[in-house]
Each structure stands twice: as structure tokens, then as C-alpha cells.
$ cat data14.cif   # mmCIF, C-alpha atoms
data_model
loop_
_atom_site.label_atom_id
_atom_site.label_comp_id
_atom_site.auth_asym_id
_atom_site.auth_seq_id
_atom_site.Cartn_x
_atom_site.Cartn_y
_atom_site.Cartn_z
CA MET A 807 0.00 0.00 0.00
CA LYS A 808 1.26 3.47 -0.93
CA TYR A 809 0.22 6.80 0.60
CA ILE A 810 0.37 10.23 -1.03
CA VAL A 811 -0.34 13.74 0.24
CA MET A 812 -0.84 16.40 -2.44
CA LEU A 813 -0.78 19.77 -0.70
CA GLY A 814 -1.30 23.02 -2.59
CA ASP A 815 -0.13 25.73 -0.20
CA GLY A 816 -2.72 28.49 0.21
CA MET A 817 -4.91 26.93 -2.51
CA ALA A 818 -8.20 27.69 -0.69
CA ASP A 819 -9.71 31.15 -1.11
CA THR A 820 -12.81 33.27 -0.69
CA PRO A 821 -15.04 34.63 -3.50
CA VAL A 822 -12.98 36.85 -5.79
CA LEU A 823 -14.42 40.00 -7.38
CA GLU A 824 -12.44 39.53 -10.60
CA LEU A 825 -13.85 35.99 -10.90
CA ASP A 826 -17.50 37.08 -10.56
CA GLY A 827 -17.65 35.93 -6.96
CA LYS A 828 -16.06 32.53 -7.56
CA THR A 829 -12.88 31.12 -6.04
CA PRO A 830 -9.82 29.97 -8.00
CA LEU A 831 -10.73 26.34 -7.18
CA GLU A 832 -14.18 26.91 -8.68
CA VAL A 833 -12.80 28.48 -11.86
CA ALA A 834 -9.75 26.29 -12.48
CA ASN A 835 -9.82 23.42 -14.98
CA LYS A 836 -8.70 20.54 -12.75
CA PRO A 837 -10.16 17.20 -13.90
CA ASN A 838 -7.87 15.10 -11.70
CA MET A 839 -8.76 16.89 -8.47
CA ASP A 840 -12.42 16.64 -9.45
CA PHE A 841 -12.01 12.91 -10.14
CA LEU A 842 -10.61 12.42 -6.63
CA ALA A 843 -13.55 14.41 -5.22
CA GLN A 844 -16.07 12.37 -7.21
CA HIS A 845 -14.63 9.07 -5.97
CA GLY A 846 -13.42 10.00 -2.50
CA LYS A 847 -14.56 11.32 0.83
CA ALA A 848 -14.66 15.12 1.05
CA GLY A 849 -14.96 17.48 3.97
CA MET A 850 -13.47 20.45 5.78
CA VAL A 851 -10.59 20.45 8.26
CA ARG A 852 -9.12 22.99 10.64
CA THR A 853 -5.35 22.89 10.30
CA VAL A 854 -4.54 25.86 12.55
CA PRO A 855 -5.49 25.42 16.22
CA GLN A 856 -7.56 28.15 17.81
CA GLY A 857 -5.35 30.97 19.06
CA MET A 858 -2.30 30.05 16.96
CA PRO A 859 -1.12 32.16 14.00
CA PRO A 860 -2.24 30.85 10.59
CA GLY A 861 1.21 30.18 9.22
CA SER A 862 2.40 27.51 6.83
CA ASP A 863 4.46 26.20 9.73
CA THR A 864 1.57 25.30 12.02
CA ALA A 865 -0.67 24.26 9.12
CA ASN A 866 1.89 21.93 7.50
CA LEU A 867 2.81 20.41 10.85
CA SER A 868 -0.88 19.58 11.16
CA ALA A 869 -1.12 18.19 7.65
CA MET A 870 1.96 16.05 8.28
CA GLY A 871 0.33 14.53 11.35
CA TYR A 872 1.93 16.58 14.14
CA ASP A 873 -0.27 18.52 16.55
CA PRO A 874 1.14 22.10 16.60
CA GLU A 875 -0.05 22.55 20.18
CA ILE A 876 2.43 19.82 21.14
CA TYR A 877 5.24 20.10 18.59
CA TYR A 878 5.42 23.73 17.45
CA SER A 879 8.52 25.66 18.57
CA GLY A 880 8.57 28.41 15.95
CA ARG A 881 8.90 28.70 12.20
CA SER A 882 12.49 29.79 11.68
CA PRO A 883 14.18 26.80 13.38
CA LEU A 884 12.42 24.47 10.95
CA GLU A 885 13.91 26.47 8.09
CA ALA A 886 17.28 26.57 9.85
CA VAL A 887 17.39 22.76 9.90
CA SER A 888 16.80 22.68 6.15
CA ILE A 889 19.58 25.20 5.53
CA GLY A 890 21.90 22.93 7.52
CA ILE A 891 22.36 25.04 10.65
CA ASP A 892 23.31 22.93 13.67
CA LEU A 893 21.20 24.43 16.45
CA VAL A 894 21.72 23.92 20.18
CA PRO A 895 18.95 24.36 22.77
CA GLU A 896 20.25 27.82 23.76
CA ASP A 897 19.91 29.18 20.19
CA VAL A 898 16.98 31.37 19.16
CA THR A 899 16.34 31.77 15.45
CA PHE A 900 14.50 34.31 13.31
CA ARG A 901 13.40 34.15 9.70
CA CYS A 902 15.12 36.95 7.77
CA ASN A 903 13.32 38.19 4.66
CA LEU A 904 14.95 40.48 2.15
CA VAL A 905 12.18 42.99 1.47
CA THR A 906 11.50 46.15 -0.51
CA LEU A 907 10.43 49.12 1.60
CA SER A 908 9.31 52.48 0.29
CA ASP A 909 11.90 55.24 0.32
CA ALA A 910 11.02 57.18 3.49
CA GLU A 911 13.40 59.49 5.34
CA ASN A 912 12.68 57.72 8.63
CA TYR A 913 12.68 53.92 8.61
CA GLU A 914 9.51 53.80 10.70
CA ASP A 915 7.57 55.78 8.08
CA ALA A 916 8.18 53.28 5.27
CA THR A 917 5.61 51.02 3.62
CA MET A 918 6.07 47.29 2.88
CA LEU A 919 6.14 47.30 -0.93
CA ASP A 920 7.29 43.70 -1.42
CA TYR A 921 7.94 40.99 1.18
CA SER A 922 10.15 39.11 -1.32
CA ALA A 923 12.25 41.91 -2.87
CA GLY A 924 10.84 41.05 -6.27
CA GLU A 925 11.45 37.31 -5.81
CA ILE A 926 15.17 38.01 -5.65
CA SER A 927 17.32 35.18 -6.95
CA THR A 928 19.10 32.84 -4.55
CA ALA A 929 22.51 33.84 -5.91
CA GLU A 930 21.87 37.57 -5.53
CA ALA A 931 20.36 37.11 -2.08
CA ALA A 932 23.24 34.97 -0.85
CA GLU A 933 25.74 37.67 -1.76
CA LEU A 934 23.69 40.31 0.07
CA ILE A 935 23.20 38.17 3.18
CA LEU A 936 26.88 37.26 3.38
CA TYR A 937 27.75 40.96 2.98
CA LEU A 938 25.36 41.90 5.78
CA ASN A 939 26.74 39.12 7.96
CA GLU A 940 30.20 40.61 7.66
CA GLN A 941 28.80 43.73 9.31
CA PHE A 942 26.41 42.03 11.76
CA GLN A 943 28.20 38.89 12.96
CA THR A 944 29.39 38.71 16.56
CA ALA A 945 30.04 35.84 18.96
CA GLU A 946 26.33 36.00 19.78
CA ARG A 947 24.68 36.26 16.35
CA GLN A 948 25.04 35.15 12.74
CA LEU A 949 23.12 35.46 9.47
CA TYR A 950 22.79 32.43 7.17
CA PRO A 951 21.70 32.53 3.50
CA GLY A 952 18.76 30.41 2.36
CA ILE A 953 16.68 30.34 -0.82
CA SER A 954 15.52 33.45 -2.70
CA TYR A 955 14.31 36.00 -0.15
CA ARG A 956 14.16 33.51 2.78
CA HIS A 957 17.12 33.51 5.22
CA CYS A 958 17.92 32.95 8.89
CA LEU A 959 19.34 34.85 11.86
CA VAL A 960 20.63 32.87 14.86
CA LEU A 961 21.09 34.44 18.30
CA HIS A 962 23.28 32.30 20.58
CA HIS A 963 22.75 31.95 24.35
CA ALA A 964 19.39 33.66 23.89
CA GLN A 965 15.79 33.40 25.02
CA THR A 966 12.44 33.71 23.30
CA GLY A 967 10.12 36.63 23.91
CA SER A 968 10.42 38.88 20.85
CA LEU A 969 7.26 39.96 19.02
CA CYS A 970 7.57 40.23 15.24
CA THR A 971 5.16 40.50 12.30
CA PRO A 972 5.40 38.39 9.12
CA PRO A 973 6.08 40.82 6.26
CA HIS A 974 3.52 39.16 3.97
CA ASP A 975 0.86 40.13 6.52
CA ILE A 976 1.49 43.83 5.89
CA SER A 977 1.91 44.01 2.11
CA LEU A 978 1.38 47.60 0.91
CA LYS A 979 0.84 48.76 4.50
CA PRO A 980 2.86 51.16 6.69
CA ILE A 981 5.35 49.29 8.89
CA ARG A 982 5.34 51.62 11.91
CA GLU A 983 2.87 49.56 13.97
CA HIS A 984 4.53 46.26 13.04
CA LEU A 985 8.17 46.76 14.01
CA PRO A 986 9.88 44.24 16.33
CA ARG A 987 9.05 44.49 20.03
CA GLY A 988 9.73 42.47 23.13
CA ARG A 989 12.96 40.89 24.38
CA TYR A 990 15.21 41.56 21.36
CA GLY A 991 12.98 44.10 19.61
CA GLU A 992 15.46 46.98 19.85
CA GLN A 993 18.38 44.86 18.58
CA LEU A 994 16.38 43.49 15.67
CA LEU A 995 15.10 46.93 14.67
CA GLU A 996 18.61 48.37 14.82
CA LEU A 997 19.85 45.61 12.48
CA MET A 998 16.96 46.27 10.12
CA LYS A 999 17.78 49.99 10.02
CA ARG A 1000 21.48 49.28 9.47
CA SER A 1001 20.64 46.86 6.67
CA ARG A 1002 18.80 49.63 4.80
CA GLU A 1003 21.88 51.85 4.87
CA LEU A 1004 24.22 49.00 3.90
CA LEU A 1005 22.05 47.80 1.03
CA ARG A 1006 21.13 51.21 -0.37
CA ASP A 1007 23.96 51.43 -2.92
CA HIS A 1008 25.04 47.80 -3.16
CA PRO A 1009 25.98 46.82 -6.75
CA ILE A 1010 23.37 44.05 -6.81
CA ASN A 1011 20.62 46.51 -5.99
CA ARG A 1012 21.90 49.02 -8.53
CA ALA A 1013 21.83 46.28 -11.16
CA ARG A 1014 18.32 45.19 -10.17
CA ILE A 1015 17.02 48.75 -10.40
CA ALA A 1016 18.67 49.19 -13.80
CA ALA A 1017 16.94 45.99 -14.95
CA GLY A 1018 13.54 47.22 -13.74
CA LYS A 1019 13.48 44.88 -10.75
CA ARG A 1020 12.73 45.69 -7.14
CA PRO A 1021 15.82 46.08 -4.94
CA ALA A 1022 16.33 44.39 -1.58
CA THR A 1023 16.24 47.49 0.60
CA SER A 1024 16.11 45.92 4.08
CA CYS A 1025 16.16 42.82 6.25
CA TRP A 1026 12.94 41.96 8.05
CA PHE A 1027 13.04 39.59 11.04
CA TRP A 1028 10.13 37.41 12.19
CA GLY A 1029 9.17 33.80 13.03
CA GLU A 1030 11.11 33.45 16.31
CA GLY A 1031 11.75 29.90 17.52
CA THR A 1032 13.98 27.27 19.11
CA ARG A 1033 15.22 23.84 18.02
CA PRO A 1034 12.25 21.54 17.29
CA ALA A 1035 11.88 17.98 18.56
CA LEU A 1036 9.55 15.91 16.38
CA THR A 1037 8.89 12.23 16.91
CA ALA A 1038 10.24 10.41 13.85
CA PHE A 1039 7.53 9.88 11.22
CA ALA A 1040 8.44 6.19 10.81
CA GLN A 1041 8.19 5.69 14.57
CA LYS A 1042 4.92 7.60 14.81
CA PHE A 1043 3.16 6.09 11.81
CA GLY A 1044 5.15 3.00 10.85
CA VAL A 1045 5.94 3.92 7.24
CA LYS A 1046 9.06 5.08 5.40
CA GLY A 1047 8.49 8.40 3.70
CA GLY A 1048 9.83 11.37 1.80
CA VAL A 1049 8.99 15.03 1.30
CA ILE A 1050 9.18 17.05 -1.91
CA SER A 1051 9.13 20.84 -1.62
CA ALA A 1052 10.98 23.89 -2.89
CA VAL A 1053 10.87 25.83 0.40
CA ASP A 1054 13.10 25.44 3.44
CA LEU A 1055 10.20 25.39 5.91
CA ILE A 1056 8.63 22.22 4.53
CA LYS A 1057 12.00 20.57 3.93
CA GLY A 1058 12.88 21.38 7.54
CA ILE A 1059 9.70 19.83 8.93
CA GLY A 1060 10.41 16.73 6.86
CA ILE A 1061 14.03 16.48 7.97
CA CYS A 1062 13.05 16.96 11.63
CA ALA A 1063 10.52 14.15 11.16
CA GLY A 1064 13.13 11.85 9.65
CA LEU A 1065 11.63 11.98 6.15
CA THR A 1066 13.88 11.99 3.08
CA SER A 1067 13.92 15.45 1.48
CA VAL A 1068 14.31 15.30 -2.30
CA GLU A 1069 15.80 18.18 -4.29
CA VAL A 1070 14.10 18.84 -7.64
CA ASP A 1071 15.89 20.89 -10.29
CA GLY A 1072 13.85 23.94 -11.24
CA ALA A 1073 11.60 23.80 -8.18
CA ASN A 1074 11.45 27.41 -7.02
CA GLY A 1075 8.34 27.95 -4.87
CA ASN A 1076 6.59 30.07 -7.50
CA TRP A 1077 3.89 29.51 -10.13
CA ASP A 1078 6.52 28.58 -12.74
CA THR A 1079 8.06 25.82 -10.61
CA ASN A 1080 8.98 22.40 -11.99
CA TYR A 1081 5.68 20.59 -11.38
CA LYS A 1082 6.59 17.64 -13.61
CA GLY A 1083 9.89 17.20 -11.76
CA LYS A 1084 8.05 16.99 -8.45
CA ALA A 1085 5.72 14.32 -9.81
CA ASP A 1086 8.63 12.29 -11.18
CA ALA A 1087 10.50 12.58 -7.87
CA ALA A 1088 7.44 11.36 -5.97
CA LEU A 1089 7.01 8.36 -8.27
CA GLU A 1090 10.69 7.51 -7.99
CA LEU A 1091 10.42 7.41 -4.20
CA LEU A 1092 7.32 5.23 -4.31
CA GLN A 1093 8.97 2.86 -6.78
CA ASN A 1094 12.13 2.53 -4.68
CA GLY A 1095 11.12 1.31 -1.25
CA TYR A 1096 9.19 4.29 0.11
CA ASP A 1097 5.57 3.91 1.21
CA PHE A 1098 4.67 7.57 1.77
CA VAL A 1099 5.34 10.86 -0.03
CA TYR A 1100 4.35 14.42 0.91
CA ILE A 1101 4.25 16.67 -2.16
CA HIS A 1102 4.13 20.37 -1.32
CA VAL A 1103 3.64 23.14 -3.89
CA GLU A 1104 4.09 26.72 -2.70
CA ALA A 1105 2.82 28.41 -5.88
CA PRO A 1106 -0.84 29.14 -4.99
CA ASP A 1107 0.24 30.75 -1.72
CA GLU A 1108 2.76 33.06 -3.37
CA CYS A 1109 0.15 34.11 -5.93
CA GLY A 1110 -2.35 34.80 -3.15
CA HIS A 1111 0.12 37.03 -1.33
CA ARG A 1112 0.70 39.05 -4.52
CA HIS A 1113 -2.95 39.15 -5.65
CA GLU A 1114 -2.07 37.38 -8.89
CA VAL A 1115 -5.49 35.99 -9.76
CA GLU A 1116 -4.65 34.35 -13.07
CA ASN A 1117 -1.40 32.88 -11.79
CA LYS A 1118 -3.17 31.34 -8.80
CA ILE A 1119 -5.61 29.65 -11.14
CA LYS A 1120 -2.73 28.60 -13.40
CA SER A 1121 -0.79 27.11 -10.48
CA ILE A 1122 -3.80 25.01 -9.43
CA GLU A 1123 -4.22 23.81 -13.01
CA GLN A 1124 -0.53 22.87 -13.22
CA ILE A 1125 -0.71 20.91 -9.95
CA ASP A 1126 -3.65 19.07 -11.47
CA ALA A 1127 -2.18 18.43 -14.90
CA GLN A 1128 1.54 18.04 -14.25
CA ILE A 1129 1.51 16.35 -10.83
CA LEU A 1130 -1.80 14.55 -10.30
CA GLY A 1131 -2.08 13.99 -14.07
CA ARG A 1132 1.17 12.02 -13.98
CA ILE A 1133 0.89 10.33 -10.59
CA LEU A 1134 -2.65 8.94 -10.87
CA PRO A 1135 -2.12 7.06 -14.18
CA ALA A 1136 1.28 5.80 -13.01
CA MET A 1137 -0.13 4.46 -9.75
CA GLN A 1138 -3.08 2.88 -11.55
CA ALA A 1139 -0.72 1.23 -14.05
CA ALA A 1140 1.42 -0.14 -11.22
CA LYS A 1141 -1.65 -2.00 -9.96
CA GLU A 1142 -0.68 -1.40 -6.34
CA PRO A 1143 -3.38 0.02 -4.05
CA PHE A 1144 -2.85 3.57 -2.87
CA ALA A 1145 -4.56 6.22 -0.77
CA LEU A 1146 -4.25 9.94 -1.45
CA LEU A 1147 -5.00 13.04 0.59
CA LEU A 1148 -5.65 16.25 -1.38
CA MET A 1149 -5.71 19.52 0.58
CA PRO A 1150 -4.35 23.03 1.09
CA ASP A 1151 -2.63 23.90 4.36
CA HIS A 1152 -4.60 27.13 4.91
CA PRO A 1153 -6.46 29.70 2.80
CA THR A 1154 -4.50 32.58 1.30
CA PRO A 1155 -7.34 34.81 0.05
CA LEU A 1156 -6.42 37.03 -2.88
CA GLU A 1157 -8.54 39.80 -1.39
CA ILE A 1158 -6.43 40.23 1.76
CA ARG A 1159 -3.07 38.86 0.46
CA THR A 1160 -2.31 36.83 3.58
CA HIS A 1161 -3.22 33.62 5.43
CA THR A 1162 -6.34 32.95 7.45
CA ALA A 1163 -7.10 30.20 9.95
CA GLU A 1164 -10.40 29.14 8.36
CA PRO A 1165 -11.03 25.43 7.69
CA VAL A 1166 -9.95 24.13 4.28
CA PRO A 1167 -11.45 21.57 1.87
CA PHE A 1168 -9.88 18.12 1.65
CA VAL A 1169 -10.47 14.81 -0.11
CA LEU A 1170 -9.39 11.35 1.02
CA TYR A 1171 -9.26 8.89 -1.87
CA HIS A 1172 -8.68 5.13 -1.87
CA SER A 1173 -7.91 3.40 -5.16
CA GLU A 1174 -9.80 0.22 -4.28
CA ARG A 1175 -13.09 1.51 -2.94
CA GLU A 1176 -15.70 4.08 -3.81
CA GLY A 1177 -15.80 7.23 -1.72
CA ALA A 1178 -18.25 7.63 1.15
CA LEU A 1179 -18.82 11.39 0.65
CA PRO A 1180 -18.26 12.24 -3.03
CA ILE A 1181 -18.75 15.72 -4.47
CA ALA A 1182 -19.04 16.81 -8.11
CA ARG A 1183 -16.00 19.10 -8.04
CA TYR A 1184 -13.22 19.90 -5.60
CA THR A 1185 -14.26 23.30 -4.23
CA GLU A 1186 -14.57 24.98 -0.85
CA ALA A 1187 -18.36 25.24 -0.98
CA LEU A 1188 -19.05 21.66 -2.08
CA ALA A 1189 -16.65 20.20 0.48
CA ALA A 1190 -18.40 22.17 3.21
CA GLN A 1191 -21.78 20.83 2.10
CA THR A 1192 -20.87 17.22 2.95
CA GLY A 1193 -21.04 18.09 6.64
CA TRP A 1194 -17.86 16.17 7.48
CA TYR A 1195 -15.69 18.36 9.68
CA VAL A 1196 -12.34 17.29 11.13
CA PRO A 1197 -11.47 19.59 14.05
CA LYS A 1198 -7.71 18.90 14.11
CA GLY A 1199 -5.63 18.72 10.97
CA CYS A 1200 -3.23 16.19 12.43
CA GLN A 1201 -6.07 13.65 12.52
CA LEU A 1202 -6.10 13.40 8.71
CA MET A 1203 -2.75 11.62 8.62
CA GLU A 1204 -4.07 8.93 10.94
CA LEU A 1205 -7.13 8.54 8.70
CA LEU A 1206 -4.98 8.31 5.57
CA LEU A 1207 -2.39 5.87 6.86
CA ARG A 1208 -4.84 3.69 8.74
CA GLU A 1209 -7.17 3.78 5.72
CA ASN A 1210 -9.90 4.63 8.18
CA PHE A 1211 -12.17 6.72 6.00
#
$ encode --input "data14.cif" --output "C-alpha cells"
Amino acid sequence: MKYIVMLGDGMADTPVLELDGKTPLEVANKPNMDFLAQHGKAGMVRTVPQGMPPGSDTANLSAMGYDPEIYYSGRSPLEAVSIGIDLVPEDVTFRCNLVTLSDAENYEDATMLDYSAGEISTAEAAELILYLNEQFQTAERQLYPGISYRHCLVLHHAQTGSLCTPPHDISLKPIREHLPRGRYGEQLLELMKRSRELLRDHPINRARIAAGKRPATSCWFWGEGTRPALTAFAQKFGVKGGVISAVDLIKGIGICAGLTSVEVDGANGNWDTNYKGKADAALELLQNGYDFVYIHVEAPDECGHRHEVENKIKSIEQIDAQILGRILPAMQAAKEPFALLLMPDHPTPLEIRTHTAEPVPFVLYHSEREGALPIARYTEALAAQTGWYVPKGCQLMELLLRENF
């Protein structure tokens, strides 16, 4: 028996004005998702526990079978593990975005123009982060480069207690009310201000501006956390598994859970990622001794944050055609039974450009039996109409792997 999770990050949405009050899932051409819905068991699930922030960290922990109320220790340490940082219990980590702020005389008066500095390339970002680290590094802190705009700050011999805002939560908004506060708030803000001065005339930024791209004008720290301790997935669920994702957060969760993280050439976390490569990597795992694979696609979430309506629809259609459209026929041809869970981690509504904690639609499909709660198409509204509600996202993994649905 093989088990597959197909997770489209931020895929769920609310009615969109430009789509005549429909959601991207309602508009997208996605015959494979609809097939799963027509032959599976559909419902709604809450992936983010009440009172916790609706991040991809908590939501993907849930989807992977780990209760965030037990296992969550912050977002950035999960990313740090993926980058290869060897954390000790006394380390406190922060996610470091390279962002584009408006050009205000006083830092506090700026507006968050772009939480990703125009999707800056990994090579450009690495040079900038290493340059900043030369200025910032002490015995007690260090910056580490990651992928694209996503990086990591480690404070040694530190404690938690800083209050920071994710930059994607304040897109196109003034930053004054969202600056770091709490234990290390002053230190973090000072580094952010210094980064603006250091990056202002950097050759990479001058080249980006000349090319019509957004420059990386500042660091932005958020996602405080400490070293996670997840029970190994094989120990918890009894299956050998792998994870396929382009983003450090999901890779980090997988690594902490003892799953094999597979690198896919051309996988970049955006709508033009290598969907086919992810499908092929998943099939290769399943054909070579692995029983479980978690396929994560960041694209719908990124499009939601940027209010890219057509690209969000396109990313859903590519997940359907290039991933499910390859995996389903291959699994059927292999004539080995399989179960599949289709879901987002959280909604990322185009209207508000950030995550919400609302329940999301899911489908559980078994290749050898007809679904108990089928729906005509995979959409938020139809999944809600079945009346099946799972209150904790981590329960879905038990249902999938125990085939108890």
C-alpha cells in the first residue's frame, strides 16, 4: 500500500471579485482533483489550532500529522534545519526576509512594498546576506543565506520573547505599527535599520534597479523559535516516507521528522516551478522502497500574497495536470493500491493577500473503494456541504495511513 499527500499551499480562497464571486478552485480546470472528489470522501478540516497564528508552519505540521499545540517551537528553526544550521537548545532563530520598503526618510515611516524583494534570486540574495553578515556577525549572532528572499538569523545563548510580524501580513501597508518588540525588539530593529543603509547602494541593488526589478532594501526579522523535537515519522506512523518541496520550511519539517527530502531541479516555490519534476520525484520514491510521499507546492500561496489571480488559477491547473495527471495514471498502471489526501494547508485569500485560519477543503481517496462522501468538483463550498468536519488537521494523517475513511 502506498500513501500520497498532495498539498497546494494556500490553494483555498474566498469569493474573488475579478472571478465574478467565484474562487480559483471553482474556476480552475482541474479534472484530476475533481475525479478524486467524485470518488473519495470530502470534507473540511481545521489545520490551525484556535489561538495560533495561521502560518504555513503550524498548518503543515498539522497536515503532516503533528499537533502544533504539542510540537510547534517556531517557524524559523524548521527552516534553519533545512539550511543545515546545527542548532543547540540555547539558540533562538528568526526568519530573515529580504524585502523592498518604500523610500522614506525615517525607517519607521516606510511602507512594505514587497515581502520578497521582487522574488530576488538565490545567488543575488546569498551575496547580500553574506555581505550583511560581515557587518552584523558577533560571537552571539550570525546570518545564514537560504533560498531566494528567505534567510535565517541565529542568536546564541538567547531566550524567546520577541514579538515580530510576518512581512507578507502587511503588504502595501505602513510598517510603523509592526516593528519588532519584546525581548530583542530593539536589537532586531537596529539591524533592520542598518541593513537599509548598507544595502542602499550595493551593486546588486543598482543592477536590479537598472533591470527594472525591485531592490532588496532591508532585512525583516520574524518567526522566532527554538530547536524543534519531532517524533520520527516512521516511529509515529510505521511507514518510510519522503517530502518534496521547494521551500526550506517544509523541507525542515520533513528532515526533523526523519523523512527523506528530495531536491528537484527547477523547483522554485513560484507559479513557474517544476511541477513535472516533483511528480517524477514522488514516483521515484514510491517505486524505490518508500511507502509515503508528501508533495508540497508553494505556488498558490505566493500568488495569493501578490494578488495574482490568473497565476493562482494557473498554479492550481498545473498541480492538477503536471503532478496529479502524472501520478494517478502511473499508480493505476502499477496496480498497487494507494490512498491519497488532497488539501491546502490554509487559505491565502487574494482579497487580503495573507493567510487565514479558516477550515480548508480536503479529499481522502482510496484506489480500491468508492468514496463515502463524493462531491461533483473539488471546491470549498461543495466540500463544506458534505457536513464532514475534522477539528484537528493532524487527525487526517491517521485517517490516511490507517485507511480509516
$ resolve_selection --input "data14.cif" --expression "the PyMOL selection byres ((chain A and resi 914-929) around 7)" --output "VMD selection string"
chain A and resid 903 to 910 912 to 913 930 to 933 953 to 955 973 to 974 976 to 982 1019 to 1022
$ closest_residue --input "data14.cif" --among "A:Phe900, A:His1102, A:Lys1118, A:Gly1064" --to "Trp1026 of chain A" --atoms "only C-alpha atoms"
A:Phe900
$ resolve_selection --input "data14.cif" --expression "the PyMOL selection byres ((chain A and resi 1196-1199) around 10)" --output "number ranges by chain"
A: 849-856, 864-874, 1151, 1165-1166, 1168, 1193-1195, 1200-1204
$ write_last_selection --input "data14.cif" --atoms "C-alpha atoms" --output "PDB file, in the frame of the given file"
ATOM      1  CA  GLY A 849     -14.960  17.480   3.970  1.00  0.00           C
ATOM      2  CA  MET A 850     -13.470  20.450   5.780  1.00  0.00           C
ATOM      3  CA  VAL A 851     -10.590  20.450   8.260  1.00  0.00           C
ATOM      4  CA  ARG A 852      -9.120  22.990  10.640  1.00  0.00           C
ATOM      5  CA  THR A 853      -5.350  22.890  10.300  1.00  0.00           C
ATOM      6  CA  VAL A 854      -4.540  25.860  12.550  1.00  0.00           C
ATOM      7  CA  PRO A 855      -5.490  25.420  16.220  1.00  0.00           C
ATOM      8  CA  GLN A 856      -7.560  28.150  17.810  1.00  0.00           C
ATOM      9  CA  THR A 864       1.570  25.300  12.020  1.00  0.00           C
ATOM     10  CA  ALA A 865      -0.670  24.260   9.120  1.00  0.00           C
ATOM     11  CA  ASN A 866       1.890  21.930   7.500  1.00  0.00           C
ATOM     12  CA  LEU A 867       2.810  20.410  10.850  1.00  0.00           C
ATOM     13  CA  SER A 868      -0.880  19.580  11.160  1.00  0.00           C
ATOM     14  CA  ALA A 869      -1.120  18.190   7.650  1.00  0.00           C
ATOM     15  CA  MET A 870       1.960  16.050   8.280  1.00  0.00           C
ATOM     16  CA  GLY A 871       0.330  14.530  11.350  1.00  0.00           C
ATOM     17  CA  TYR A 872       1.930  16.580  14.140  1.00  0.00           C
ATOM     18  CA  ASP A 873      -0.270  18.520  16.550  1.00  0.00           C
ATOM     19  CA  PRO A 874       1.140  22.100  16.600  1.00  0.00           C
ATOM     20  CA  ASP A1151      -2.630  23.900   4.360  1.00  0.00           C
ATOM     21  CA  PRO A1165     -11.030  25.430   7.690  1.00  0.00           C
ATOM     22  CA  VAL A1166      -9.950  24.130   4.280  1.00  0.00           C
ATOM     23  CA  PHE A1168      -9.880  18.120   1.650  1.00  0.00           C
ATOM     24  CA  GLY A1193     -21.040  18.090   6.640  1.00  0.00           C
ATOM     25  CA  TRP A1194     -17.860  16.170   7.480  1.00  0.00           C
ATOM     26  CA  TYR A1195     -15.690  18.360   9.680  1.00  0.00           C
ATOM     27  CA  CYS A1200      -3.230  16.190  12.430  1.00  0.00           C
ATOM     28  CA  GLN A1201      -6.070  13.650  12.520  1.00  0.00           C
ATOM     29  CA  LEU A1202      -6.100  13.400   8.710  1.00  0.00           C
ATOM     30  CA  MET A1203      -2.750  11.620   8.620  1.00  0.00           C
ATOM     31  CA  GLU A1204      -4.070   8.930  10.940  1.00  0.00           C
TER      32      GLU A1204
END
$ closest_residue --input "data14.cif" --among "A:Gly1060, A:Gly1095, A:Gly814, A:Gly846" --to "Ala1189 of chain A" --atoms "only C-alpha atoms"
A:Gly846
$ atom_distance --input "data14.cif" --atom1 "atom CA of Leu1005 of chain A" --atom2 "atom CA of Glu992 of chain A"
20.0 Å
$ residues_around --input "data14.cif" --residues "segment 1097-1101 of chain A" --least-positions-apart "2" --cutoff "6 Å" --atoms "all atoms listed in the file" --output "PDB file with C-alpha atoms, in the frame of the given file"
ATOM      1  CA  LYS A 808       1.260   3.470  -0.930  1.00  0.00           C
ATOM      2  CA  TYR A 809       0.220   6.800   0.600  1.00  0.00           C
ATOM      3  CA  ILE A 810       0.370  10.230  -1.030  1.00  0.00           C
ATOM      4  CA  VAL A 811      -0.340  13.740   0.240  1.00  0.00           C
ATOM      5  CA  MET A 812      -0.840  16.400  -2.440  1.00  0.00           C
ATOM      6  CA  LYS A1046       9.060   5.080   5.400  1.00  0.00           C
ATOM      7  CA  GLY A1047       8.490   8.400   3.700  1.00  0.00           C
ATOM      8  CA  GLY A1048       9.830  11.370   1.800  1.00  0.00           C
ATOM      9  CA  VAL A1049       8.990  15.030   1.300  1.00  0.00           C
ATOM     10  CA  ILE A1050       9.180  17.050  -1.910  1.00  0.00           C
ATOM     11  CA  LEU A1092       7.320   5.230  -4.310  1.00  0.00           C
TER      12      LEU A1092
END
$ resolve_selection --input "data14.cif" --expression "the PyMOL selection byres ((chain A and resi 991) around 12)" --output "list in words"
Phe900, Thr966, Gly967, Ser968, Leu969, Cys970, Thr971, His984, Leu985, Pro986, Arg987, Gly988, Arg989, Tyr990, Glu992, Gln993, Leu994, Leu995, Glu996, Leu997, Met998, Trp1026, Phe1027, Trp1028 and Glu1030 of chain A
$ write_last_selection --input "data14.cif" --atoms "C-alpha atoms" --output "short mmCIF file (atom, residue, chain, number, x, y, z; two decimals), keeping the file's coordinate frame"
data_model
loop_
_atom_site.label_atom_id
_atom_site.label_comp_id
_atom_site.auth_asym_id
_atom_site.auth_seq_id
_atom_site.Cartn_x
_atom_site.Cartn_y
_atom_site.Cartn_z
CA PHE A 900 14.50 34.31 13.31
CA THR A 966 12.44 33.71 23.30
CA GLY A 967 10.12 36.63 23.91
CA SER A 968 10.42 38.88 20.85
CA LEU A 969 7.26 39.96 19.02
CA CYS A 970 7.57 40.23 15.24
CA THR A 971 5.16 40.50 12.30
CA HIS A 984 4.53 46.26 13.04
CA LEU A 985 8.17 46.76 14.01
CA PRO A 986 9.88 44.24 16.33
CA ARG A 987 9.05 44.49 20.03
CA GLY A 988 9.73 42.47 23.13
CA ARG A 989 12.96 40.89 24.38
CA TYR A 990 15.21 41.56 21.36
CA GLU A 992 15.46 46.98 19.85
CA GLN A 993 18.38 44.86 18.58
CA LEU A 994 16.38 43.49 15.67
CA LEU A 995 15.10 46.93 14.67
CA GLU A 996 18.61 48.37 14.82
CA LEU A 997 19.85 45.61 12.48
CA MET A 998 16.96 46.27 10.12
CA TRP A 1026 12.94 41.96 8.05
CA PHE A 1027 13.04 39.59 11.04
CA TRP A 1028 10.13 37.41 12.19
CA GLU A 1030 11.11 33.45 16.31
#
$ atom_distance --input "data14.cif" --atom1 "atom CA of Arg1132 of chain A" --atom2 "atom CA of Ala848 of chain A"
22.0 Å
$ decode --input "data14.cif" --residues "segment 901-906 of chain A" --atoms "N, CA and C atoms" --output "compact mmCIF listing (two decimals), in the first residue's frame"
# COMPACT_ATOMS: atom_id res chain seq x y z
N ARG A 901 13.43 34.08 11.15
CA ARG A 901 13.40 34.15 9.70
C ARG A 901 13.84 35.57 9.30
N CYS A 902 14.67 35.67 8.29
CA CYS A 902 15.12 36.95 7.77
C CYS A 902 14.70 37.07 6.32
N ASN A 903 13.69 37.89 6.05
CA ASN A 903 13.32 38.19 4.66
C ASN A 903 14.16 39.34 4.14
N LEU A 904 14.51 39.28 2.86
CA LEU A 904 14.95 40.48 2.15
C LEU A 904 13.71 41.10 1.53
N VAL A 905 13.43 42.34 1.87
CA VAL A 905 12.18 42.99 1.47
C VAL A 905 12.47 44.30 0.73
N THR A 906 11.44 44.83 0.10
CA THR A 906 11.50 46.15 -0.51
C THR A 906 10.59 47.08 0.27
